[in-house]
Amino acid sequence: MALVVLLLVGLLLTGGAYALFTQTSSAKAETASSSDIEEGQKLFVANCATCHGLSGEGSKAGPGLIGVGAAAVDFQVGTGRMPLQANGPQARAKEPQFNDEQTAQLAAYVASLGPGPAIPEEENLDGSKGDPAAGGSLFRANCAMCHNVVGAGGALTRGKYAPNLEDVSDKHIYEAMQTGPQNMPIFNDANLTPDDKRDVIAYVNEVTETPSPGGFKLGSLGPVAEGLFIWFFGLSAVIGLTVWLSSRSK
Amino acid sequence: MSTTQPTTTVGQAANFAETRVGASVLVREFGRKIFPSHWSFMLGEVALYSFIIVILSGTFLTFFFTPAMGEMHYEGPWAPLRGVEISEAYNSTLAISFEIRGGLFIRQMHHWGALLFVAALSIHMLRVFFTGAFRRPRELNWIVGVLLVIMGMAAGFTGYSLPDDLLSGNGLRIIDGIVKSLPLVGTYLSFFIFGGEFPGTDIVARLYSLHIMIVPALLIALIGIHLVFVVVHKHTQYPGSGNTEKNVVGEPVLPTFAAKGGGFFFLIFGLISLISALFTINPIWNYGPYDPSPVSAGTQPDWYIGWADGFLRIVPGWLEFYIAGWPISLNINSAVIVMGGVFGAMFIYPFFESWLLKDKREHHILDRPRNNPTRTAIGVAGVVFYCNMWAAASGDIIAVFFQMSLNDMIYIYRILFFVGPILGYMITKRMCIALQRKDREIALHGRETANIIRLPHGEFLERHEALPPHKLWKLTAFESPSYTPAEPNADGKITGLEKFRARLSKFFFEDRVAPVTKQELEASHHDHDSVESGDHKEIGH
């Protein structure tokens with residue numbers, strides 16, 4: 001009996017310590033006021049509870065949100081993916097339904113349900129402090145197989161897809177890595193440190209904002225776009241020339 | 001030889017050329033060659049001119065490219081790669097793109113020119129097939145043409161792999177996989193090719209010598225043979241009044257055709273320059289250095305390798321099985337079988353058709369595609385077969401663009417792999433036959449003029465106008481092969497092969513639409529004349 005109690009105490013201690021340790025690393029200082037949380041709860045009940053449950057516990061229609069953190073809410077609501085417009089293989093980005101203040105209130109409420117990743121600090125997002133070359137290596141190894149080497153996007157199974165990253169804000173890129181929305185894996189701070197994430201953001205900014213040295217990019221989609229171009233525009237022009245040259249004056 | 005020596009500068013130069021190389025013979029023989037004028041006859045020229053542009057731009061690139069795989073750190077101007085470990089080949093390609101003056105423009109010309117070269121080869125080949133220009137005496141030149149397509153693909157592939165960027169390395173990895181999937185010899189072959197385990201440090205240098213020496217030399221030799229054959233066989237021509245199997249109606253090489261051709265070269269040069277100046281191709285700086293672990297989304301080969309890549313994307317994985325513990329990777333090496341089958345079918349088709357028709361005659365007048373419905377239908381079936389695999393290579397991009405499920409796309413391609421060519425065949429054949437019937441109708445009853453006349457007793461008639469003779473010729477004077485039954489050989493026996501030929505012949509020709517005969521034409525004219533002369537009288541009053 002004593003052995004069992006000892007074991008139980010030991011397990012509880014290590015488990016609790018682990019939980020405490022991981023919490024301190026991800027749950028950053030929350031500055032949300034209680035009125036934000038209250039307003040957020042009202043918005044949540046009105047707009048989200050049908051699927052996510054009255055207190056974010058989840059239902060058959062949607063996952064539980066306890067512990068997903070403010071970052072997940074800020075990403076999903078801030079990019080318009082939530083509230084979900086229609087059922088489908090994955091939520092599409094659309095014009096956001098809530099303004100910044102409402103999004104922050106919702107995030108504060110969900111963050112109050114349980115500890116999770118917070119909205120990233122400004123200093124972690126400043127791409128100009130990042131190293132785009134290091135970010136490029138990380139991007140090719142971790143992101144390019146779905147998002148394409150310059151973030152042009154790509155297909156996943158059964159109608160799911162990795163979106164184009166060209167117009168995604170730095171904050172949302174960071175939050176996506178942190179929280180793994182839709183089908184994306186989570187790149188937590190142990191996997192990609194905040195500095196690594198900043199490098200990745202620096203890389204994405206660099207390749208999407210630098211003007212293409214070679215002229216029009218044709219969507220950065222690679223040889224398919226190039227082949228389509230030469231067949232439709234190149235060969236059409238060629239055939240036009242042949243017809244012109246072989247026509248007779250009438 | 002003239003006995004008086006020329007006195008003018010031009011005369012002396014001409015005399016010099018004449019006495020050294022016999023220029024007058026060349027001018028007489030080659031300069032008076034006649035080339036018919038038709039836009040579709042200029043497609044092969046486009047291939048030739050883009051090839052010349054590719055050779056010129058490629059020569060420039062060799063001055064600056066380093067075909068070596070030694071490792072170094074990038075120190076050039078492209079920020080997203082600075083400090084990254086890359087190979088010398090990739091470094092020199094980046095230098096060509098960003099540091100050599102005009103280098104990126106020439107690189108893009110080289111690549112766009114190569115894409116246009118193979119595209120022009122392909123439509124030239126389709127023109128030759130659908131008009132029956134491959135028939136005797138041009139079967140060998142058709143084979144040279146197929147070899148040119150294969151060498152064009154080889155040139156493209158060896159070049160595509162040189163910059164040692166991520167995309168080209170992924171392409172090489174697929175080749176490595178296909179080589180390794182060959183039974184018994186695969187692994188050895190792969191190790192020989194790459195000098196050890198993939199990717200090794202040898203492959204770029206090896207591909208380089210193939211790409212800048214062996215493959216272009218073969219291409220130039222084949223193009224030479226191809227052109228000599230064109231001169232020897234004389235050019236084919238479309239059916240028309242005055243065009244016979246014994247003449248060629250058109251313009252002589254000197255001066256008309258040569259002037260037009262020279263001008264056309266510069267037009268193509270201009271077009272490729274324009275495209276290269278405005279549109280990015282193969283932005284290797286985006287792809288990063290090759291590393292066997294990452295693969296980017298949207299990794300595809302250049303368009304002419306796409307059909308093979310597409311086949312690999314749709315072939316089901318369960319085609320791999322084991323015999324006594326040895327894997328037989330049909331899920332991969334069936335790509336080799338399919339490619340071999342497609343090229344094999346191209347090689348034998350001219351001989352197949354001549355055997356089927358028992359036709360050993362020379363043909364210099366082309367077929368209009370509708371006038372050989374079965375050949376045209378077979379051609380379209382082949383095009384559908386090819387294009388389906390080609391589209392399958394871009395299935396992921398199509399899926400994202402049209403918001404479809406990638407898995408469903410693969411099922412669609414798999415079904416179309418079998419059903420597509422059959423549908424293509426049936427629809428094309430019916431369309432050809434319908435067009436032939438329409439031609440018959442027009443030949444016999446004339447063109448509808450949309451002039452409606454009302455007869456005194458109230459009947460309405462539309463006046464048909466008889467075709468001018470040269471148009472009538474085009475619609476009526478064509479060769480229409482028909483069913484030839486099995487015939488006994490010299491021993492008086494009908495062999496099994498001959499029976500098979502007869503059955504195939506029936507399949508080819510049983511529903512043919514016969515061309516209008518002279519008697520039919522005369523009979524129809526007789527009717528029309530009486531009606532029309534009557535009309536004229538009524539209208540005159």
# chains A, B, ... in the order shown; residues from 1 in each chain; ligands from 1
call {"tool": "interface_residues", "arguments": {"of": "chain B", "to": "chain A", "cutoff": "6 Å", "atoms": "only C-alpha atoms", "output": "ChimeraX atom specification"}}
result
/B:37-39,80-82,278-280,287,294-297,300,302-303,396,400,404-407
call {"tool": "select_by_dssp", "arguments": {"residues": "segment 101-231 of chain A", "states": "helix (DSSP H, G or I)", "output": "ChimeraX atom specification"}}
result
/A:101-113,122-124,127-129,132-142,144-147,157-159,170-179,194-209,218-220,223-231
call {"tool": "residues_around", "arguments": {"residues": "segment 94-109 of chain B", "least_positions_apart": "5", "cutoff": "6 Å", "atoms": "only C-alpha atoms", "output": "number ranges by chain"}}
result
B: 57, 276, 281
call {"tool": "select_by_dssp", "arguments": {"residues": "segment 6-207 of chain A", "states": "strand (DSSP E)", "output": "count of residues only"}}
result
4
call {"tool": "atom_distance", "arguments": {"atom1": "atom CA of Arg370 of chain B", "atom2": "atom CA of Lys429 of chain B"}}
result
8.4 Å
call {"tool": "residues_around", "arguments": {"residues": "Glu251 of chain B", "least_positions_apart": "3", "cutoff": "7 Å", "atoms": "only C-alpha atoms", "output": "list in words"}}
result
Ile34, Phe35, Pro36, Thr256 and Phe257 of chain B
call {"tool": "residues_around", "arguments": {"residues": "segment 65-76 of chain A", "least_positions_apart": "4", "cutoff": "8 Å", "atoms": "only C-alpha atoms", "output": "PyMOL selection string"}}
result
chain A and resi 52+56-58+80-82+103-104+106-108+110-111+113-120+172+175-176+178-179+181
